[in-house]
>>> print(open('start-v6.pdb').read())   # PDB, C-alpha atoms
ATOM      1  CA  MET A 457      -9.964  13.731 -21.428  1.00  0.00           C
ATOM      2  CA  PRO A 458     -11.377  13.989 -17.872  1.00  0.00           C
ATOM      3  CA  VAL A 459     -10.936  11.059 -15.534  1.00  0.00           C
ATOM      4  CA  GLU A 460     -14.115   9.712 -13.930  1.00  0.00           C
ATOM      5  CA  PRO A 461     -14.468   7.687 -10.710  1.00  0.00           C
ATOM      6  CA  LEU A 462     -15.326   4.012 -11.197  1.00  0.00           C
ATOM      7  CA  SER A 463     -18.176   2.260  -9.429  1.00  0.00           C
ATOM      8  CA  GLN A 464     -17.448  -0.253  -6.691  1.00  0.00           C
ATOM      9  CA  LYS A 465     -18.678  -3.047  -8.952  1.00  0.00           C
ATOM     10  CA  GLU A 466     -16.484  -1.940 -11.865  1.00  0.00           C
ATOM     11  CA  ILE A 467     -13.426  -1.797  -9.597  1.00  0.00           C
ATOM     12  CA  GLU A 468     -14.092  -5.255  -8.156  1.00  0.00           C
ATOM     13  CA  THR A 469     -14.629  -6.720 -11.628  1.00  0.00           C
ATOM     14  CA  ARG A 470     -11.402  -5.264 -12.972  1.00  0.00           C
ATOM     15  CA  LEU A 471      -9.392  -6.253  -9.894  1.00  0.00           C
ATOM     16  CA  ALA A 472     -10.130  -9.888 -10.737  1.00  0.00           C
ATOM     17  CA  ASP A 473      -7.442  -9.529 -13.435  1.00  0.00           C
ATOM     18  CA  LEU A 474      -4.932  -8.052 -10.976  1.00  0.00           C
ATOM     19  CA  PRO A 475      -4.062 -10.726  -8.403  1.00  0.00           C
ATOM     20  CA  GLY A 476      -2.672  -9.341  -5.174  1.00  0.00           C
ATOM     21  CA  TRP A 477      -4.307  -5.932  -5.640  1.00  0.00           C
ATOM     22  CA  SER A 478      -7.232  -5.028  -3.413  1.00  0.00           C
ATOM     23  CA  LEU A 479      -9.631  -2.192  -2.774  1.00  0.00           C
ATOM     24  CA  ASP A 480      -9.016  -0.717   0.664  1.00  0.00           C
ATOM     25  CA  GLY A 481     -11.532   2.031   1.308  1.00  0.00           C
ATOM     26  CA  ASP A 482     -11.050   4.592  -1.447  1.00  0.00           C
ATOM     27  CA  HIS A 483      -7.779   3.292  -2.869  1.00  0.00           C
ATOM     28  CA  LEU A 484      -6.111   0.293  -4.449  1.00  0.00           C
ATOM     29  CA  THR A 485      -3.249  -1.320  -2.599  1.00  0.00           C
ATOM     30  CA  ARG A 486      -0.605  -3.955  -3.253  1.00  0.00           C
ATOM     31  CA  SER A 487       2.568  -5.061  -1.495  1.00  0.00           C
ATOM     32  CA  TYR A 488       5.500  -6.904  -3.039  1.00  0.00           C
ATOM     33  CA  ARG A 489       8.324  -8.829  -1.391  1.00  0.00           C
ATOM     34  CA  LEU A 490      11.697  -8.892  -3.114  1.00  0.00           C
ATOM     35  CA  ALA A 491      14.965 -10.753  -2.549  1.00  0.00           C
ATOM     36  CA  SER A 492      16.889  -7.782  -1.180  1.00  0.00           C
ATOM     37  CA  HIS A 493      16.847  -4.096  -0.428  1.00  0.00           C
ATOM     38  CA  SER A 494      18.689  -3.319  -3.661  1.00  0.00           C
ATOM     39  CA  ALA A 495      16.118  -5.305  -5.679  1.00  0.00           C
ATOM     40  CA  ALA A 496      13.286  -3.420  -3.965  1.00  0.00           C
ATOM     41  CA  THR A 497      15.002  -0.094  -4.611  1.00  0.00           C
ATOM     42  CA  ALA A 498      15.490  -0.943  -8.299  1.00  0.00           C
ATOM     43  CA  MET A 499      11.792  -1.762  -8.617  1.00  0.00           C
ATOM     44  CA  VAL A 500      10.828   1.513  -6.894  1.00  0.00           C
ATOM     45  CA  VAL A 501      12.906   3.416  -9.451  1.00  0.00           C
ATOM     46  CA  ARG A 502      11.151   1.603 -12.303  1.00  0.00           C
ATOM     47  CA  ILE A 503       7.723   2.269 -10.752  1.00  0.00           C
ATOM     48  CA  ALA A 504       8.625   5.954 -10.478  1.00  0.00           C
ATOM     49  CA  GLN A 505       9.446   5.961 -14.203  1.00  0.00           C
ATOM     50  CA  VAL A 506       6.045   4.420 -14.986  1.00  0.00           C
ATOM     51  CA  GLN A 507       4.348   7.009 -12.783  1.00  0.00           C
ATOM     52  CA  GLU A 508       6.090   9.760 -14.747  1.00  0.00           C
ATOM     53  CA  GLU A 509       5.061   8.211 -18.060  1.00  0.00           C
ATOM     54  CA  LEU A 510       1.427   8.108 -16.920  1.00  0.00           C
ATOM     55  CA  ASP A 511       1.671  11.446 -15.079  1.00  0.00           C
ATOM     56  CA  HIS A 512       0.049   9.636 -12.164  1.00  0.00           C
ATOM     57  CA  HIS A 513       1.898   9.448  -8.866  1.00  0.00           C
ATOM     58  CA  SER A 514       0.811   7.035  -6.164  1.00  0.00           C
ATOM     59  CA  ASP A 515       2.026   6.667  -2.606  1.00  0.00           C
ATOM     60  CA  LEU A 516       4.971   4.305  -2.707  1.00  0.00           C
ATOM     61  CA  THR A 517       6.600   2.880   0.427  1.00  0.00           C
ATOM     62  CA  LEU A 518       9.978   1.158   0.415  1.00  0.00           C
ATOM     63  CA  GLY A 519      10.912  -1.203   3.224  1.00  0.00           C
ATOM     64  CA  TYR A 520      14.014  -3.368   3.553  1.00  0.00           C
ATOM     65  CA  ASN A 521      12.833  -5.845   0.918  1.00  0.00           C
ATOM     66  CA  THR A 522       9.221  -4.766   0.434  1.00  0.00           C
ATOM     67  CA  ILE A 523       7.306  -2.235  -1.607  1.00  0.00           C
ATOM     68  CA  THR A 524       3.756  -1.085  -0.924  1.00  0.00           C
ATOM     69  CA  LEU A 525       1.689   1.000  -3.331  1.00  0.00           C
ATOM     70  CA  THR A 526      -1.430   2.938  -2.414  1.00  0.00           C
ATOM     71  CA  VAL A 527      -3.195   4.227  -5.501  1.00  0.00           C
ATOM     72  CA  ASN A 528      -6.114   6.587  -6.096  1.00  0.00           C
ATOM     73  CA  THR A 529      -6.761   9.697  -8.158  1.00  0.00           C
ATOM     74  CA  HIS A 530      -6.515  12.888  -6.127  1.00  0.00           C
ATOM     75  CA  SER A 531      -8.001  15.077  -8.871  1.00  0.00           C
ATOM     76  CA  VAL A 532     -11.392  13.338  -8.484  1.00  0.00           C
ATOM     77  CA  GLY A 533     -11.502  13.473  -4.705  1.00  0.00           C
ATOM     78  CA  GLY A 534      -9.391  10.379  -4.073  1.00  0.00           C
ATOM     79  CA  ALA A 535     -11.614   7.951  -5.981  1.00  0.00           C
ATOM     80  CA  VAL A 536     -10.382   4.989  -8.032  1.00  0.00           C
ATOM     81  CA  THR A 537     -10.287   5.589 -11.790  1.00  0.00           C
ATOM     82  CA  ASP A 538      -9.097   3.919 -14.993  1.00  0.00           C
ATOM     83  CA  LEU A 539      -5.773   5.669 -14.458  1.00  0.00           C
ATOM     84  CA  ASP A 540      -5.255   3.819 -11.163  1.00  0.00           C
ATOM     85  CA  LEU A 541      -5.972   0.493 -12.789  1.00  0.00           C
ATOM     86  CA  ALA A 542      -3.627   1.334 -15.668  1.00  0.00           C
ATOM     87  CA  LEU A 543      -0.848   2.054 -13.169  1.00  0.00           C
ATOM     88  CA  ALA A 544      -1.581  -1.176 -11.291  1.00  0.00           C
ATOM     89  CA  ARG A 545      -1.441  -3.164 -14.544  1.00  0.00           C
ATOM     90  CA  ARG A 546       1.882  -1.595 -15.555  1.00  0.00           C
ATOM     91  CA  VAL A 547       3.388  -2.346 -12.136  1.00  0.00           C
ATOM     92  CA  GLU A 548       2.118  -5.945 -12.303  1.00  0.00           C
ATOM     93  CA  ASN A 549       3.741  -6.350 -15.711  1.00  0.00           C
ATOM     94  CA  LEU A 550       7.138  -5.127 -14.516  1.00  0.00           C
ATOM     95  CA  ALA A 551       7.133  -6.976 -11.146  1.00  0.00           C
ATOM     96  CA  PRO A 552       8.257 -10.403 -12.417  1.00  0.00           C
ATOM     97  CA  GLY A 553      11.341  -8.867 -14.015  1.00  0.00           C
ATOM     98  CA  HIS A 554      12.391  -7.691 -10.554  1.00  0.00           C
ATOM     99  CA  GLY A 555      11.665 -11.025  -8.873  1.00  0.00           C
ATOM    100  CA  ALA A 556       8.770  -9.535  -6.934  1.00  0.00           C
ATOM    101  CA  ALA A 557       6.288 -11.816  -5.234  1.00  0.00           C
TER
END
>>> encode(input="start-v6.pdb", output="structure tokens")
Amino acid sequence: MPVEPLSQKEIETRLADLPGWSLDGDHLTRSYRLASHSAATAMVVRIAQVQEELDHHSDLTLGYNTITLTVNTHSVGGAVTDLDLALARRVENLAPGHGAA
């Protein structure tokens, strides 16, 4: 099934259910702070597994105890799609298990 870009209004409406996520230009973004570098690294590994499951790979930055995701769909010109929101939701669901804030 082809992935279609979402409208600005649709993105904003759906982001209301994803606290901490925001629309920044043509992508979704979210940063997490964790207790340590090893906790952040463990969460990055889990996010990478989710990305593989969805076959959707976002930009993922690891700092000492922080993670930042930048998400959009390259195959539709870098627009935000349902796939981006699905990835954001999956990451939000796994974050508490890693102690992410």
>>> closest_residue(input="start-v6.pdb", among="A:His554, A:Lys465, A:Arg546, A:His530", to="Gln507 of chain A", atoms="only C-alpha atoms")
A:Arg546
>>> closest_residue(input="start-v6.pdb", among="A:Ala535, A:Asn521, A:Thr526, A:Ser487", to="Pro475 of chain A", atoms="all atoms listed in the file")
A:Ser487
>>> closest_residue(input="start-v6.pdb", among="A:Val500, A:Val532, A:Glu466, A:Gln505", to="Tyr488 of chain A", atoms="only C-alpha atoms")
A:Val500
>>> atom_distance(input="start-v6.pdb", atom1="atom CA of Thr469 of chain A", atom2="atom CA of Leu543 of chain A")
16.4 Å
>>> residues_around(input="start-v6.pdb", residues="segment 550-552 of chain A", least_positions_apart="4", cutoff="12 Å", atoms="only C-alpha atoms", output="PDB file with C-alpha atoms, in the frame of the given file")
ATOM      1  CA  GLY A 476      -2.672  -9.341  -5.174  1.00  0.00           C
ATOM      2  CA  ARG A 486      -0.605  -3.955  -3.253  1.00  0.00           C
ATOM      3  CA  SER A 487       2.568  -5.061  -1.495  1.00  0.00           C
ATOM      4  CA  TYR A 488       5.500  -6.904  -3.039  1.00  0.00           C
ATOM      5  CA  ARG A 489       8.324  -8.829  -1.391  1.00  0.00           C
ATOM      6  CA  LEU A 490      11.697  -8.892  -3.114  1.00  0.00           C
ATOM      7  CA  ALA A 491      14.965 -10.753  -2.549  1.00  0.00           C
ATOM      8  CA  ALA A 495      16.118  -5.305  -5.679  1.00  0.00           C
ATOM      9  CA  ALA A 496      13.286  -3.420  -3.965  1.00  0.00           C
ATOM     10  CA  ALA A 498      15.490  -0.943  -8.299  1.00  0.00           C
ATOM     11  CA  MET A 499      11.792  -1.762  -8.617  1.00  0.00           C
ATOM     12  CA  VAL A 500      10.828   1.513  -6.894  1.00  0.00           C
ATOM     13  CA  VAL A 501      12.906   3.416  -9.451  1.00  0.00           C
ATOM     14  CA  ARG A 502      11.151   1.603 -12.303  1.00  0.00           C
ATOM     15  CA  ILE A 503       7.723   2.269 -10.752  1.00  0.00           C
ATOM     16  CA  ALA A 504       8.625   5.954 -10.478  1.00  0.00           C
ATOM     17  CA  GLN A 505       9.446   5.961 -14.203  1.00  0.00           C
ATOM     18  CA  VAL A 506       6.045   4.420 -14.986  1.00  0.00           C
ATOM     19  CA  THR A 522       9.221  -4.766   0.434  1.00  0.00           C
ATOM     20  CA  ILE A 523       7.306  -2.235  -1.607  1.00  0.00           C
ATOM     21  CA  LEU A 543      -0.848   2.054 -13.169  1.00  0.00           C
ATOM     22  CA  ALA A 544      -1.581  -1.176 -11.291  1.00  0.00           C
ATOM     23  CA  ARG A 545      -1.441  -3.164 -14.544  1.00  0.00           C
ATOM     24  CA  ARG A 546       1.882  -1.595 -15.555  1.00  0.00           C
ATOM     25  CA  ALA A 556       8.770  -9.535  -6.934  1.00  0.00           C
ATOM     26  CA  ALA A 557       6.288 -11.816  -5.234  1.00  0.00           C
TER      27      ALA A 557
END
>>> atom_distance(input="start-v6.pdb", atom1="atom CA of Asp540 of chain A", atom2="atom CA of Gly555 of chain A")
22.6 Å
>>> atom_distance(input="start-v6.pdb", atom1="atom CA of Asp480 of chain A", atom2="atom CA of Thr497 of chain A")
24.6 Å
>>> resolve_selection(input="start-v6.pdb", expression="the PyMOL selection byres ((chain A and resi 479) around 10)", output="VMD selection string")
chain A and resid 464 467 to 468 471 477 to 478 480 to 486 526 to 527 536
>>> closest_residue(input="start-v6.pdb", among="A:Leu474, A:Leu525, A:Val459, A:Leu518", to="Leu541 of chain A", atoms="all atoms listed in the file")
A:Leu474
>>> closest_residue(input="start-v6.pdb", among="A:Asp538, A:Asn528, A:Ser492, A:Ser463", to="Ser514 of chain A", atoms="only C-alpha atoms")
A:Asn528
>>> build_atoms(input="start-v6.pdb", residues="segment 499-532 of chain A", atoms="N, CA and C atoms", output="short mmCIF file (atom, residue, chain, number, x, y, z; two decimals), keeping the file's coordinate frame")
data_model
loop_
_atom_site.label_atom_id
_atom_site.label_comp_id
_atom_site.auth_asym_id
_atom_site.auth_seq_id
_atom_site.Cartn_x
_atom_site.Cartn_y
_atom_site.Cartn_z
N MET A 499 13.19 -1.72 -8.18
CA MET A 499 11.79 -1.76 -8.62
C MET A 499 11.10 -0.43 -8.34
N VAL A 500 11.41 0.20 -7.21
CA VAL A 500 10.83 1.51 -6.89
C VAL A 500 11.21 2.52 -7.97
N VAL A 501 12.46 2.49 -8.40
CA VAL A 501 12.91 3.42 -9.45
C VAL A 501 12.11 3.17 -10.73
N ARG A 502 11.91 1.91 -11.08
CA ARG A 502 11.15 1.60 -12.30
C ARG A 502 9.69 2.03 -12.16
N ILE A 503 9.11 1.82 -10.98
CA ILE A 503 7.72 2.27 -10.75
C ILE A 503 7.64 3.79 -10.89
N ALA A 504 8.61 4.49 -10.36
CA ALA A 504 8.62 5.95 -10.48
C ALA A 504 8.67 6.38 -11.95
N GLN A 505 9.40 5.65 -12.77
CA GLN A 505 9.45 5.96 -14.20
C GLN A 505 8.07 5.76 -14.84
N VAL A 506 7.40 4.68 -14.47
CA VAL A 506 6.04 4.42 -14.99
C VAL A 506 5.10 5.53 -14.54
N GLN A 507 5.20 5.93 -13.28
CA GLN A 507 4.35 7.01 -12.78
C GLN A 507 4.57 8.29 -13.60
N GLU A 508 5.80 8.58 -13.93
CA GLU A 508 6.09 9.76 -14.75
C GLU A 508 5.49 9.62 -16.13
N GLU A 509 5.62 8.44 -16.73
CA GLU A 509 5.06 8.21 -18.06
C GLU A 509 3.55 8.43 -18.07
N LEU A 510 2.88 7.98 -17.01
CA LEU A 510 1.43 8.11 -16.92
C LEU A 510 1.00 9.45 -16.34
N ASP A 511 1.96 10.22 -15.82
CA ASP A 511 1.67 11.45 -15.08
C ASP A 511 0.66 11.17 -13.97
N HIS A 512 0.94 10.09 -13.23
CA HIS A 512 0.05 9.64 -12.16
C HIS A 512 0.92 9.07 -11.04
N HIS A 513 0.95 9.76 -9.94
CA HIS A 513 1.90 9.45 -8.87
C HIS A 513 1.18 8.93 -7.63
N SER A 514 1.43 7.67 -7.32
CA SER A 514 0.81 7.04 -6.16
C SER A 514 1.73 7.15 -4.96
N ASP A 515 1.19 6.80 -3.79
CA ASP A 515 2.03 6.67 -2.61
C ASP A 515 2.79 5.36 -2.75
N LEU A 516 4.07 5.42 -2.50
CA LEU A 516 4.97 4.30 -2.71
C LEU A 516 5.87 4.21 -1.48
N THR A 517 5.82 3.07 -0.79
CA THR A 517 6.60 2.88 0.43
C THR A 517 7.63 1.79 0.21
N LEU A 518 8.87 2.10 0.55
CA LEU A 518 9.98 1.16 0.42
C LEU A 518 10.40 0.70 1.80
N GLY A 519 10.37 -0.62 2.01
CA GLY A 519 10.91 -1.20 3.22
C GLY A 519 12.21 -1.90 2.89
N TYR A 520 12.74 -2.69 3.80
CA TYR A 520 14.01 -3.37 3.55
C TYR A 520 13.96 -4.17 2.25
N ASN A 521 12.99 -5.06 2.14
CA ASN A 521 12.83 -5.84 0.92
C ASN A 521 11.37 -5.90 0.49
N THR A 522 10.63 -4.84 0.80
CA THR A 522 9.22 -4.77 0.43
C THR A 522 8.90 -3.41 -0.20
N ILE A 523 7.85 -3.44 -0.99
CA ILE A 523 7.31 -2.24 -1.61
C ILE A 523 5.80 -2.29 -1.40
N THR A 524 5.21 -1.18 -1.01
CA THR A 524 3.76 -1.08 -0.92
C THR A 524 3.29 0.13 -1.72
N LEU A 525 2.29 -0.09 -2.57
CA LEU A 525 1.69 1.00 -3.33
C LEU A 525 0.28 1.25 -2.82
N THR A 526 -0.07 2.51 -2.74
CA THR A 526 -1.43 2.94 -2.41
C THR A 526 -1.84 3.90 -3.52
N VAL A 527 -2.88 3.53 -4.25
CA VAL A 527 -3.20 4.23 -5.50
C VAL A 527 -4.64 4.72 -5.50
N ASN A 528 -4.81 6.01 -5.77
CA ASN A 528 -6.11 6.59 -6.10
C ASN A 528 -5.85 7.88 -6.86
N THR A 529 -6.91 8.51 -7.33
CA THR A 529 -6.76 9.70 -8.16
C THR A 529 -7.21 10.92 -7.37
N HIS A 530 -6.23 11.72 -6.97
CA HIS A 530 -6.52 12.89 -6.13
C HIS A 530 -7.39 13.92 -6.83
N SER A 531 -7.26 14.04 -8.14
CA SER A 531 -8.00 15.08 -8.87
C SER A 531 -9.51 14.82 -8.93
N VAL A 532 -9.95 13.62 -8.54
CA VAL A 532 -11.39 13.34 -8.48
C VAL A 532 -11.79 13.00 -7.04
#
